[in-house]
file query38.cif (mmCIF, C-alpha atoms)
data_model
loop_
_atom_site.label_atom_id
_atom_site.label_comp_id
_atom_site.auth_asym_id
_atom_site.auth_seq_id
_atom_site.Cartn_x
_atom_site.Cartn_y
_atom_site.Cartn_z
CA MET A 1 -82.40 26.67 246.40
CA CYS A 2 -84.26 29.96 246.13
CA VAL A 3 -87.95 29.34 246.87
CA SER A 4 -89.18 32.93 246.92
CA GLY A 5 -90.28 32.76 243.27
CA LEU A 6 -92.37 29.64 243.75
CA SER A 7 -96.15 29.61 244.00
CA GLU A 8 -97.52 29.07 247.47
CA LEU A 9 -98.67 25.56 246.54
CA ASP A 10 -95.19 24.61 245.29
CA GLN A 11 -93.71 26.05 248.44
CA ILE A 12 -96.13 24.08 250.61
CA THR A 13 -95.44 20.86 248.68
CA ARG A 14 -91.72 21.30 249.15
CA ALA A 15 -92.12 22.24 252.81
CA ALA A 16 -94.23 19.13 253.39
CA GLY A 17 -91.48 17.05 251.79
CA GLY A 18 -88.93 18.39 254.25
CA ASN A 19 -87.31 21.10 252.11
CA ARG A 20 -85.72 23.41 254.69
CA ALA A 21 -85.64 26.47 252.44
CA ALA A 22 -89.36 26.15 251.68
CA GLN A 23 -90.16 25.62 255.36
CA ALA A 24 -88.12 28.69 256.31
CA ALA A 25 -89.83 30.78 253.63
CA LEU A 26 -93.26 29.68 254.83
CA VAL A 27 -92.38 30.50 258.43
CA ASN A 28 -90.77 33.85 257.62
CA ARG A 29 -93.70 34.94 255.50
CA ASN A 30 -96.48 33.90 257.86
CA MET A 31 -95.13 33.78 261.40
CA PRO A 32 -95.13 37.55 262.08
CA ILE A 33 -98.81 38.05 261.25
CA ILE A 34 -99.84 34.96 263.25
CA PHE A 35 -97.84 36.18 266.22
CA ARG A 36 -99.27 39.71 266.03
CA VAL A 37 -102.84 38.45 265.73
CA ALA A 38 -102.31 36.16 268.71
CA TYR A 39 -100.64 38.92 270.71
CA ARG A 40 -103.46 41.35 270.04
CA MET A 41 -106.01 38.77 271.10
CA LEU A 42 -104.19 37.52 274.21
CA GLN A 43 -102.15 40.58 275.24
CA ASP A 44 -99.36 38.28 276.37
CA ARG A 45 -96.12 37.66 274.52
CA ALA A 46 -95.45 34.18 275.90
CA GLU A 47 -98.98 33.02 275.14
CA ALA A 48 -98.84 34.54 271.67
CA GLU A 49 -95.62 32.64 270.99
CA ASP A 50 -97.21 29.41 272.22
CA VAL A 51 -100.16 29.93 269.89
CA THR A 52 -97.85 30.71 266.96
CA GLN A 53 -95.83 27.58 267.59
CA GLU A 54 -98.94 25.42 267.99
CA THR A 55 -100.32 26.82 264.73
CA PHE A 56 -97.21 25.73 262.85
CA LEU A 57 -97.17 22.32 264.56
CA ARG A 58 -100.64 21.80 263.13
CA ALA A 59 -99.49 23.14 259.78
CA TRP A 60 -96.68 20.59 259.54
CA LYS A 61 -99.27 17.86 260.08
CA VAL A 62 -101.74 19.06 257.45
CA LEU A 63 -99.30 20.20 254.75
CA PRO A 64 -98.92 16.72 253.13
CA ASP A 65 -102.68 16.74 252.46
CA TRP A 66 -102.91 20.46 251.68
CA GLN A 67 -105.77 21.46 249.39
CA PRO A 68 -105.31 24.92 247.83
CA LYS A 69 -108.80 26.08 248.76
CA ALA A 70 -107.49 28.99 250.81
CA LYS A 71 -104.26 30.88 251.26
CA PHE A 72 -101.98 29.45 253.90
CA SER A 73 -102.14 32.71 255.87
CA THR A 74 -105.95 32.53 255.98
CA TRP A 75 -105.85 28.94 257.22
CA ALA A 76 -103.17 29.82 259.76
CA CYS A 77 -105.12 32.83 261.06
CA THR A 78 -108.20 30.62 261.49
CA VAL A 79 -106.20 28.10 263.52
CA ALA A 80 -104.52 30.82 265.58
CA LEU A 81 -107.84 32.56 266.30
CA ASN A 82 -109.40 29.28 267.42
CA LEU A 83 -106.46 28.63 269.73
CA CYS A 84 -106.76 32.16 271.12
CA ARG A 85 -110.51 31.72 271.69
CA ASP A 86 -109.84 28.50 273.62
CA ARG A 87 -107.33 30.27 275.81
CA LEU A 88 -109.56 33.29 276.39
CA ARG A 89 -112.47 30.99 277.27
CA LYS A 90 -110.35 29.13 279.82
CA LYS A 91 -109.12 32.40 281.29
CA LYS A 92 -112.66 33.66 281.70
CA LEU A 93 -113.69 30.41 283.38
CA VAL A 94 -110.74 30.67 285.77
CA LEU A 95 -111.57 34.28 286.57
CA MET A 96 -115.20 33.39 287.26
CA ASP A 97 -114.17 30.50 289.53
CA GLN A 98 -111.75 32.58 291.55
CA VAL A 99 -112.98 33.86 294.89
CA PRO A 100 -112.39 37.59 294.95
CA GLU A 101 -109.76 38.55 297.46
CA ARG A 102 -110.11 41.52 299.73
CA VAL A 103 -107.34 43.81 298.64
CA ASP A 104 -106.69 47.48 298.76
CA THR A 105 -107.79 48.59 295.30
CA ALA A 106 -106.23 52.01 295.54
CA LEU A 107 -103.27 52.27 293.18
CA ARG A 108 -99.98 53.76 294.24
CA PRO A 109 -99.32 57.10 292.50
CA GLU A 110 -96.82 55.69 290.00
CA GLU A 111 -99.15 52.78 289.18
CA ALA A 112 -102.05 55.14 288.68
CA LEU A 113 -99.98 57.26 286.29
CA ALA A 114 -98.88 54.18 284.29
CA SER A 115 -102.44 52.96 284.16
CA GLN A 116 -103.70 56.29 282.84
CA GLN A 117 -101.02 56.30 280.18
CA ALA A 118 -101.93 52.80 279.14
CA GLN A 119 -105.59 53.63 279.03
CA ALA A 120 -104.84 56.64 276.86
CA GLY A 121 -103.27 54.41 274.21
CA ILE A 122 -105.23 52.95 271.38
CA THR A 123 -103.77 49.54 272.25
CA ALA A 124 -105.60 49.49 275.56
CA ARG A 125 -108.83 50.54 273.93
CA ILE A 126 -108.56 47.83 271.30
CA ALA A 127 -107.82 45.30 274.03
CA GLU A 128 -111.08 46.26 275.73
CA LEU A 129 -113.19 45.55 272.66
CA PRO A 130 -115.33 42.40 272.64
CA ASP A 131 -113.35 39.44 271.29
CA ARG A 132 -115.06 39.17 267.89
CA GLN A 133 -114.80 42.91 267.22
CA ARG A 134 -111.12 42.80 268.19
CA GLU A 135 -110.54 39.89 265.82
CA ALA A 136 -112.18 41.72 262.92
CA LEU A 137 -110.32 44.96 263.59
CA THR A 138 -107.00 43.17 264.02
CA LEU A 139 -107.28 41.26 260.76
CA CYS A 140 -108.61 44.08 258.58
CA ALA A 141 -107.48 47.42 260.00
CA LEU A 142 -104.22 46.37 261.63
CA GLU A 143 -102.99 43.45 259.52
CA GLY A 144 -104.42 44.51 256.18
CA LEU A 145 -106.24 41.31 255.24
CA THR A 146 -108.94 41.73 252.62
CA ASN A 147 -112.55 41.49 253.73
CA ILE A 148 -112.84 38.04 252.13
CA GLU A 149 -109.68 36.72 253.80
CA ALA A 150 -110.65 38.13 257.19
CA ALA A 151 -114.18 36.75 256.97
CA ALA A 152 -112.82 33.33 255.99
CA SER A 153 -110.34 33.40 258.87
CA MET A 154 -113.13 34.18 261.31
CA ASN A 155 -115.63 31.77 259.74
CA VAL A 156 -118.19 34.53 259.27
CA SER A 157 -119.82 36.16 256.26
CA VAL A 158 -118.42 39.36 254.79
CA HIS A 159 -121.61 41.10 255.90
CA ALA A 160 -121.07 39.96 259.50
CA LEU A 161 -117.43 41.04 259.31
CA GLU A 162 -118.44 44.54 258.20
CA SER A 163 -120.90 44.76 261.06
CA LEU A 164 -118.19 43.78 263.57
CA LEU A 165 -115.76 46.30 262.07
CA ALA A 166 -118.28 49.13 262.16
CA ARG A 167 -119.20 48.38 265.76
CA ALA A 168 -115.54 48.22 266.77
CA ARG A 169 -114.83 51.57 265.18
CA ARG A 170 -117.91 53.17 266.74
CA THR A 171 -116.89 51.88 270.17
CA LEU A 172 -113.36 53.22 269.79
CA ARG A 173 -114.57 56.61 268.57
CA ALA A 174 -117.03 56.88 271.45
CA SER A 175 -114.27 55.98 273.89
CA LEU A 176 -111.93 58.61 272.46
CA THR A 177 -114.65 61.24 272.36
CA SER A 178 -115.59 60.65 275.98
CA GLU A 179 -111.93 60.90 276.98
CA LEU A 180 -111.57 64.20 275.14
CA ALA A 181 -114.76 65.48 276.80
CA GLY A 182 -113.36 64.40 280.20
CA GLU A 183 -110.12 66.29 279.63
CA LYS A 184 -112.05 69.49 278.91
CA MET B 1 -121.89 43.24 244.60
CA MET B 2 -122.17 46.82 243.41
CA THR B 3 -120.75 48.38 240.32
CA THR B 4 -119.63 51.91 239.63
CA GLU B 5 -123.11 52.85 238.49
CA THR B 6 -125.08 51.25 241.29
CA ILE B 7 -123.18 52.06 244.47
CA SER B 8 -125.24 54.29 246.72
CA PRO B 9 -124.10 57.06 249.05
CA GLU B 10 -125.35 54.99 251.97
CA ARG B 11 -123.13 52.10 250.91
CA VAL B 12 -120.10 54.41 250.65
CA LEU B 13 -120.80 55.59 254.20
CA GLU B 14 -120.99 51.94 255.29
CA LEU B 15 -117.62 51.25 253.68
CA ILE B 16 -116.06 54.21 255.50
CA GLU B 17 -117.68 53.14 258.75
CA ALA B 18 -116.39 49.56 258.45
CA TYR B 19 -113.06 49.86 256.63
CA GLY B 20 -111.94 53.42 257.36
CA ALA B 21 -111.06 56.39 255.18
CA GLU B 22 -108.37 54.74 253.06
CA PRO B 23 -109.88 53.46 249.78
CA GLY B 24 -107.14 50.84 249.59
CA ALA B 25 -108.82 49.09 252.52
CA TRP B 26 -112.21 48.94 250.83
CA PRO B 27 -113.43 45.81 249.02
CA ASN B 28 -111.90 45.55 245.53
CA GLU B 29 -115.21 45.20 243.72
CA GLU B 30 -116.65 48.39 245.23
CA ARG B 31 -113.60 50.61 245.42
CA ALA B 32 -113.79 52.23 241.99
CA GLY B 33 -117.49 53.05 242.32
CA ALA B 34 -117.02 54.47 245.80
CA ILE B 35 -114.08 56.65 244.74
CA ALA B 36 -116.07 57.98 241.79
CA LEU B 37 -118.98 58.88 244.05
CA LEU B 38 -116.63 60.54 246.55
CA ALA B 39 -115.24 62.69 243.75
CA ARG B 40 -118.73 63.72 242.66
CA GLN B 41 -120.07 64.52 246.14
CA PRO B 42 -117.08 65.30 248.39
CA GLU B 43 -119.05 67.36 250.91
CA ARG B 44 -121.46 64.51 251.57
CA PHE B 45 -118.70 62.24 252.91
CA ALA B 46 -116.31 64.80 254.43
CA ALA B 47 -117.39 64.34 258.05
CA ALA B 48 -117.39 60.54 257.89
CA LEU B 49 -113.98 60.51 256.21
CA SER B 50 -112.52 62.88 258.77
CA ALA B 51 -113.76 60.80 261.72
CA ALA B 52 -112.51 57.57 260.13
CA ARG B 53 -109.15 59.11 259.29
CA GLU B 54 -108.53 60.00 262.93
CA LEU B 55 -108.89 56.36 263.90
CA ASP B 56 -106.79 55.21 260.96
CA GLN B 57 -103.97 57.48 262.15
CA LEU B 58 -104.18 56.04 265.65
CA PHE B 59 -103.97 52.50 264.28
CA LEU B 60 -100.74 53.45 262.53
CA THR B 61 -99.20 54.58 265.83
CA GLU B 62 -100.09 51.41 267.67
CA PRO B 63 -96.88 49.70 268.78
CA VAL B 64 -96.80 45.95 268.30
CA PRO B 65 -93.97 43.72 269.38
CA GLU B 66 -92.39 41.54 266.75
CA PRO B 67 -91.75 37.86 267.45
CA ARG B 68 -88.34 36.93 268.79
CA PRO B 69 -85.94 35.34 266.27
CA GLU B 70 -85.76 32.30 268.57
CA LEU B 71 -89.42 31.60 267.82
CA ALA B 72 -88.72 31.00 264.13
CA ALA B 73 -85.87 28.67 265.04
CA ALA B 74 -88.10 26.71 267.42
CA ILE B 75 -90.83 26.38 264.79
CA LEU B 76 -88.38 25.20 262.15
CA ALA B 77 -86.94 22.68 264.59
CA SER B 78 -90.38 21.08 264.78
CA ALA B 79 -90.77 20.91 260.98
CA PRO B 80 -90.69 17.53 259.23
CA ALA B 81 -87.27 16.41 258.05
CA ALA B 82 -86.53 15.53 254.44
CA ARG B 83 -86.78 11.85 253.58
CA PRO B 84 -83.71 10.06 252.22
CA VAL B 85 -83.38 10.23 248.44
CA ARG B 86 -84.45 7.00 246.72
CA GLN B 87 -82.07 5.38 244.26
CA GLY B 88 -82.80 3.71 240.93
CA TRP B 89 -85.71 3.92 238.52
CA ILE B 90 -88.27 2.64 241.04
CA GLY B 91 -87.24 5.39 243.41
CA ALA B 92 -87.47 8.00 240.65
CA LEU B 93 -90.90 6.71 239.60
CA ALA B 94 -92.17 6.74 243.16
CA ALA B 95 -90.74 10.21 243.74
CA ASN B 96 -92.57 11.50 240.66
CA MET B 97 -95.84 9.78 241.53
CA PHE B 98 -95.74 10.67 245.21
CA PRO B 99 -93.74 13.87 245.68
CA GLN B 100 -94.87 14.05 249.29
CA GLY B 101 -93.97 10.43 250.00
CA ALA B 102 -95.71 7.18 249.14
CA ARG B 103 -97.66 6.71 252.29
CA TRP B 104 -99.68 3.61 253.10
CA PRO B 105 -103.05 4.53 251.51
CA ALA B 106 -101.48 5.52 248.19
CA GLY B 107 -99.05 2.61 248.26
CA ALA B 108 -101.82 0.14 249.03
CA ALA B 109 -103.98 1.53 246.21
CA LEU B 110 -101.12 1.20 243.73
CA ALA B 111 -100.31 -2.34 244.90
CA SER B 112 -103.99 -3.33 244.53
CA LEU B 113 -104.08 -1.93 241.00
CA VAL B 114 -100.92 -3.78 239.94
CA MET B 115 -102.08 -7.06 241.48
CA GLY B 116 -105.50 -6.74 239.84
CA VAL B 117 -104.10 -6.09 236.38
CA PHE B 118 -101.51 -8.87 236.68
CA GLY B 119 -104.02 -11.38 238.07
CA GLY B 120 -106.60 -10.59 235.40
CA TYR B 121 -104.08 -10.97 232.63
CA ALA B 122 -102.76 -14.28 233.99
CA TYR B 123 -106.30 -15.65 234.34
CA ALA B 124 -107.36 -14.59 230.84
CA SER B 125 -104.25 -15.95 229.14
CA SER B 126 -104.45 -19.34 230.84
CA GLY B 127 -107.81 -20.23 229.28
CA ILE B 128 -108.97 -21.68 232.58
CA GLY B 129 -112.67 -21.11 233.11
CA TYR B 130 -113.57 -20.84 229.41
CA ASP B 131 -116.44 -23.23 229.49
CA GLN B 132 -119.52 -24.08 227.49
CA ALA B 133 -121.52 -21.31 229.07
CA ASP B 134 -119.03 -18.76 227.72
CA ALA B 135 -119.09 -20.43 224.29
CA ALA B 136 -122.89 -20.31 224.21
CA TYR B 137 -122.85 -16.69 225.20
CA TYR B 138 -120.47 -15.77 222.39
CA ALA B 139 -122.37 -17.91 219.91
CA ALA B 140 -125.60 -16.12 220.81
CA PHE B 141 -124.04 -12.90 219.57
CA GLY B 142 -122.82 -14.54 216.38
CA LEU B 143 -119.21 -14.69 217.44
CA ASP B 144 -116.96 -17.51 216.46
CA THR B 145 -116.15 -19.43 219.58
CA GLY B 146 -113.79 -21.94 218.02
CA GLU B 147 -115.83 -24.64 219.64
CA ASP B 148 -117.75 -27.25 217.78
CA TRP B 149 -119.97 -28.51 220.57
CA LEU B 150 -123.04 -26.76 219.13
CA VAL B 151 -122.88 -28.77 215.96
CA SER B 152 -125.47 -31.44 216.22
CA GLU B 153 -124.23 -34.90 215.97
#
call {"tool": "encode", "arguments": {"input": "query38.cif", "output": "structure tokens"}}
result
Amino acid sequence: MCVSGLSELDQITRAAGGNRAAQAALVNRNMPIIFRVAYRMLQDRAEAEDVTQETFLRAWKVLPDWQPKAKFSTWACTVALNLCRDRLRKKKLVLMDQVPERVDTALRPEEALASQQAQAGITARIAELPDRQREALTLCALEGLTNIEAAASMNVSVHALESLLARARRTLRASLTSELAGEK
Amino acid sequence: MMTTETISPERVLELIEAYGAEPGAWPNEERAGAIALLARQPERFAAALSAARELDQLFLTEPVPEPRPELAAAILASAPAARPVRQGWIGALAANMFPQGARWPAGAALASLVMGVFGGYAYASSGIGYDQADAAYYAAFGLDTGEDWLVSE
């Protein structure tokens, strides 16, 4: 059965009832954005896939009781962001607990070149943003969510979202400007 | 929320600062007003738009890996399976009433309702429990009770 013409609620109801076509449509429509959001937050493909899979595992559990208060993608982004925050928090705790090793910090020439190239990319600069700014920028500027959807996904007000976006953009511009000044 | 008439130049600069130079990314309710103000005072916003546009262009060039096809297959493998189709009119009724499955809370509520209605009807039709107190109560409101116990002897 073709489910592309159904409303999201119909699609969710059918997916909850085990309709394979509706489940596939839900996954195909929402999985890419969840994966990209998770990847941008975690900077790791395997972890992003884990978060995407965990998000859908939770979705399968809640779909029978689904209330159409929000779009599925907004709900899914909220879940994925929470899972990413948990992982980032654990990573930071691990990093803080680790005893620093005495290693030669000088990079080999080829590593230094690769590092410079990575730093030059906008991806690396976005990855360096504080977590909340990166979330806001990812949802709005990179994934095209509306301000209301992004704010709902992040559990913040639209005003707070705008503030995070503006700060993220200012930080990126300052970073690019300083790089250009360094090249001259 | 601002309308076309009330949006200020400062607010337009805030929109550019937060959402970039592309009006399509601005909030729906403020877009028309902001575009109108941009058209009226282009020089006022030129620098902000130019700076924002540079970043917007960089965002477009950012490479992002797509999920592997195997991921979709793994997710679908974990999805709930369809329940067997119920036969007969009871099955059809239950399927209509509970399209997502008659789970215990809903089933228990329905069973309680049916038992309550059936029990109440059986009790009322049996006449058991219709005593003098009931007859007096009805008589007090001028209703015919069918009883003659109030008639003095």
call {"tool": "resolve_selection", "arguments": {"input": "query38.cif", "expression": "the PyMOL selection byres ((chain B) within 7 of (chain A))", "output": "PDB file with C-alpha atoms, in the coordinates of the input"}}
result
ATOM      1  CA  GLU B  17    -117.680  53.140 258.750  1.00  0.00           C
ATOM      2  CA  ALA B  18    -116.390  49.560 258.450  1.00  0.00           C
ATOM      3  CA  TYR B  19    -113.060  49.860 256.630  1.00  0.00           C
ATOM      4  CA  PRO B  27    -113.430  45.810 249.020  1.00  0.00           C
ATOM      5  CA  LEU B  58    -104.180  56.040 265.650  1.00  0.00           C
ATOM      6  CA  PHE B  59    -103.970  52.500 264.280  1.00  0.00           C
ATOM      7  CA  GLU B  62    -100.090  51.410 267.670  1.00  0.00           C
ATOM      8  CA  GLU B  66     -92.390  41.540 266.750  1.00  0.00           C
ATOM      9  CA  PRO B  67     -91.750  37.860 267.450  1.00  0.00           C
ATOM     10  CA  ALA B  72     -88.720  31.000 264.130  1.00  0.00           C
ATOM     11  CA  ILE B  75     -90.830  26.380 264.790  1.00  0.00           C
ATOM     12  CA  LEU B  76     -88.380  25.200 262.150  1.00  0.00           C
ATOM     13  CA  SER B  78     -90.380  21.080 264.780  1.00  0.00           C
ATOM     14  CA  ALA B  79     -90.770  20.910 260.980  1.00  0.00           C
ATOM     15  CA  PRO B  80     -90.690  17.530 259.230  1.00  0.00           C
ATOM     16  CA  ALA B  81     -87.270  16.410 258.050  1.00  0.00           C
ATOM     17  CA  ALA B  82     -86.530  15.530 254.440  1.00  0.00           C
ATOM     18  CA  ARG B  83     -86.780  11.850 253.580  1.00  0.00           C
ATOM     19  CA  GLN B 100     -94.870  14.050 249.290  1.00  0.00           C
TER      20      GLN B 100
END
call {"tool": "closest_residue", "arguments": {"input": "query38.cif", "among": "A:Ala150, A:Val62, A:Leu93, A:Ala160", "to": "A:Leu81", "atoms": "all atoms listed in the file"}}
result
A:Ala150
call {"tool": "resolve_selection", "arguments": {"input": "query38.cif", "expression": "the PyMOL selection byres ((chain B and resi 31-45) around 8)", "output": "list in words"}}
result
Met2, Thr3, Thr4, Glu5, Thr6, Ile7, Pro9, Val12, Leu13, Pro23, Gly24, Trp26, Pro27, Asn28, Glu29, Glu30, Ala46, Ala47, Ala48 and Leu49 of chain B
call {"tool": "atom_distance", "arguments": {"input": "query38.cif", "atom1": "atom CA of A:Ser7", "atom2": "atom CA of A:Ala25"}}
result
11.6 Å
call {"tool": "atom_distance", "arguments": {"input": "query38.cif", "atom1": "atom CA of A:Leu9", "atom2": "atom CA of A:Gln67"}}
result
8.7 Å
call {"tool": "atom_distance", "arguments": {"input": "query38.cif", "atom1": "atom CA of B:Arg11", "atom2": "atom CA of B:Ala25"}}
result
14.7 Å
